[in-house]
Amino acid sequence: MRQIAKSILLRLTAEEYAHLQAQANIVGLKLEPMLRQLILGVELRPRPPDTYAALLRELSAIGNNVNQIAYWANARKYVSSAEIQEAAALVQKAHQLVKEAL
């Protein structure tokens, strides 16, 4: 564990503190870790919405289904119209999920 050797007293107005706290909430960090990251020159980005994790899981499942369809199509050297429509529907669902998330 690292040792904290120095401390800094920083006085802020209520508005400055509220702004700093709001920025920390946006990036998903507490104040001290956020300030340390800023001092080190790390570019902080807003934390992605919680819906992104669910979106990634859904996209992964859709990609897996499309890959399975492609595997069977290559193995059989034949693809039915229904299988092509199923793959197209999965891709359209993925596109719709991405549009809704953005």
# chains A, B, ... in the order shown; residues from 1 in each chain; ligands from 1
$ residues_around --residues "A:Leu97" --least-positions-apart "5" --cutoff "10 Å" --atoms "only C-alpha atoms" --output "CSV table (one decimal) with N, CA and C atoms, in the first residue's frame"
chain,number,residue,atom,x,y,z
A,52,TYR,N,-25.5,0.4,-20.9
A,52,TYR,CA,-24.4,-0.1,-21.8
A,52,TYR,C,-24.1,-1.5,-21.5
A,54,ALA,N,-25.9,-3.9,-20.3
A,54,ALA,CA,-27.0,-4.8,-20.8
A,54,ALA,C,-27.0,-4.8,-22.3
A,55,LEU,N,-26.7,-3.7,-22.9
A,55,LEU,CA,-26.6,-3.6,-24.4
A,55,LEU,C,-25.4,-4.5,-24.9
A,56,LEU,N,-24.3,-4.4,-24.3
A,56,LEU,CA,-23.2,-5.2,-24.7
A,56,LEU,C,-23.5,-6.7,-24.6
A,58,GLU,N,-26.5,-8.1,-24.8
A,58,GLU,CA,-27.4,-8.4,-25.8
A,58,GLU,C,-26.8,-8.5,-27.2
A,59,LEU,N,-25.9,-7.6,-27.5
A,59,LEU,CA,-25.1,-7.6,-28.7
A,59,LEU,C,-24.3,-8.8,-28.8
A,91,VAL,N,-29.7,-8.8,-36.7
A,91,VAL,CA,-28.9,-7.6,-37.0
A,91,VAL,C,-29.8,-6.4,-36.8
A,92,GLN,N,-31.1,-6.4,-37.3
A,92,GLN,CA,-31.9,-5.3,-37.1
A,92,GLN,C,-32.2,-5.0,-35.6
A,102,LEU,N,-28.2,5.2,-27.6
A,102,LEU,CA,-27.6,6.5,-27.9
A,102,LEU,C,-28.6,7.6,-27.9
$ residues_around --residues "A:Lys93" --least-positions-apart "6" --cutoff "12 Å" --atoms "only C-alpha atoms" --output "list of chain:residue names"
A:Leu55, A:Glu58, A:Leu59, A:Ala61, A:Ile62, A:Gly63, A:Val66, A:Glu86, A:Ala87, A:Lys99, A:Glu100
$ atom_distance --atom1 "atom CA of A:Arg47" --atom2 "atom CA of A:Leu29"
9.0 Å
$ select_by_dssp --residues "chain A" --states "alpha helix (DSSP H)" --output "PyMOL selection string"
chain A and resi 14-27+31-39+51-76+81-101
$ residues_around --residues "A:Ile84" --least-positions-apart "6" --cutoff "10 Å" --atoms "only C-alpha atoms" --output "list in words"
Val66, Ile69, Ala70, Ala73 and Leu90 of chain A
$ write_last_selection --atoms "C-alpha atoms" --output "mmCIF file, in the first residue's frame"
data_model
loop_
_atom_site.group_PDB
_atom_site.id
_atom_site.type_symbol
_atom_site.label_atom_id
_atom_site.label_comp_id
_atom_site.auth_asym_id
_atom_site.auth_seq_id
_atom_site.Cartn_x
_atom_site.Cartn_y
_atom_site.Cartn_z
ATOM 1 C CA VAL A 66 -25.430 -14.907 -36.210
ATOM 2 C CA ILE A 69 -26.146 -19.470 -38.388
ATOM 3 C CA ALA A 70 -23.061 -18.724 -40.509
ATOM 4 C CA ALA A 73 -24.607 -22.404 -43.505
ATOM 5 C CA LEU A 90 -31.046 -10.283 -35.309
#
$ residues_around --residues "stretch 32-46 of chain A" --least-positions-apart "5" --cutoff "12 Å" --atoms "only C-alpha atoms" --output "PyMOL selection string"
chain A and resi 4+7-8+10+20-27
$ write_last_selection --atoms "N, CA, C and O atoms" --output "PDB file, in the first residue's frame"
ATOM      1  N   ILE A   4       0.819   7.962   1.996  1.00  0.00           N
ATOM      2  CA  ILE A   4       0.455   9.345   1.686  1.00  0.00           C
ATOM      3  C   ILE A   4       1.368  10.233   2.523  1.00  0.00           C
ATOM      4  O   ILE A   4       1.289  10.257   3.748  1.00  0.00           O
ATOM      5  N   SER A   7      -0.228  16.374   2.317  1.00  0.00           N
ATOM      6  CA  SER A   7      -1.639  16.715   2.185  1.00  0.00           C
ATOM      7  C   SER A   7      -1.733  18.190   1.836  1.00  0.00           C
ATOM      8  O   SER A   7      -0.842  18.977   2.139  1.00  0.00           O
ATOM      9  N   ILE A   8      -2.818  18.559   1.184  1.00  0.00           N
ATOM     10  CA  ILE A   8      -3.031  19.933   0.750  1.00  0.00           C
ATOM     11  C   ILE A   8      -4.389  20.379   1.264  1.00  0.00           C
ATOM     12  O   ILE A   8      -5.393  19.684   1.095  1.00  0.00           O
ATOM     13  N   LEU A  10      -7.359  22.805   0.683  1.00  0.00           N
ATOM     14  CA  LEU A  10      -7.924  23.583  -0.415  1.00  0.00           C
ATOM     15  C   LEU A  10      -9.256  24.133   0.046  1.00  0.00           C
ATOM     16  O   LEU A  10     -10.155  23.382   0.429  1.00  0.00           O
ATOM     17  N   LEU A  20     -17.349  20.672  -8.203  1.00  0.00           N
ATOM     18  CA  LEU A  20     -16.363  19.592  -8.109  1.00  0.00           C
ATOM     19  C   LEU A  20     -17.049  18.264  -7.804  1.00  0.00           C
ATOM     20  O   LEU A  20     -16.738  17.231  -8.409  1.00  0.00           O
ATOM     21  N   GLN A  21     -17.993  18.280  -6.900  1.00  0.00           N
ATOM     22  CA  GLN A  21     -18.742  17.065  -6.551  1.00  0.00           C
ATOM     23  C   GLN A  21     -19.541  16.558  -7.751  1.00  0.00           C
ATOM     24  O   GLN A  21     -19.596  15.355  -8.008  1.00  0.00           O
ATOM     25  N   ALA A  22     -20.139  17.480  -8.501  1.00  0.00           N
ATOM     26  CA  ALA A  22     -20.909  17.086  -9.693  1.00  0.00           C
ATOM     27  C   ALA A  22     -20.000  16.434 -10.724  1.00  0.00           C
ATOM     28  O   ALA A  22     -20.371  15.435 -11.344  1.00  0.00           O
ATOM     29  N   GLN A  23     -18.804  16.986 -10.927  1.00  0.00           N
ATOM     30  CA  GLN A  23     -17.853  16.405 -11.865  1.00  0.00           C
ATOM     31  C   GLN A  23     -17.439  15.003 -11.428  1.00  0.00           C
ATOM     32  O   GLN A  23     -17.311  14.095 -12.245  1.00  0.00           O
ATOM     33  N   ALA A  24     -17.217  14.826 -10.141  1.00  0.00           N
ATOM     34  CA  ALA A  24     -16.844  13.508  -9.614  1.00  0.00           C
ATOM     35  C   ALA A  24     -17.968  12.499  -9.844  1.00  0.00           C
ATOM     36  O   ALA A  24     -17.720  11.344 -10.204  1.00  0.00           O
ATOM     37  N   ASN A  25     -19.203  12.930  -9.665  1.00  0.00           N
ATOM     38  CA  ASN A  25     -20.344  12.039  -9.903  1.00  0.00           C
ATOM     39  C   ASN A  25     -20.444  11.653 -11.366  1.00  0.00           C
ATOM     40  O   ASN A  25     -20.777  10.509 -11.692  1.00  0.00           O
ATOM     41  N   ILE A  26     -20.147  12.582 -12.260  1.00  0.00           N
ATOM     42  CA  ILE A  26     -20.221  12.310 -13.697  1.00  0.00           C
ATOM     43  C   ILE A  26     -19.227  11.227 -14.093  1.00  0.00           C
ATOM     44  O   ILE A  26     -19.545  10.330 -14.868  1.00  0.00           O
ATOM     45  N   VAL A  27     -17.993  11.308 -13.561  1.00  0.00           N
ATOM     46  CA  VAL A  27     -16.977  10.324 -13.935  1.00  0.00           C
ATOM     47  C   VAL A  27     -17.045   9.070 -13.074  1.00  0.00           C
ATOM     48  O   VAL A  27     -16.337   8.102 -13.328  1.00  0.00           O
TER      49      VAL A  27
END
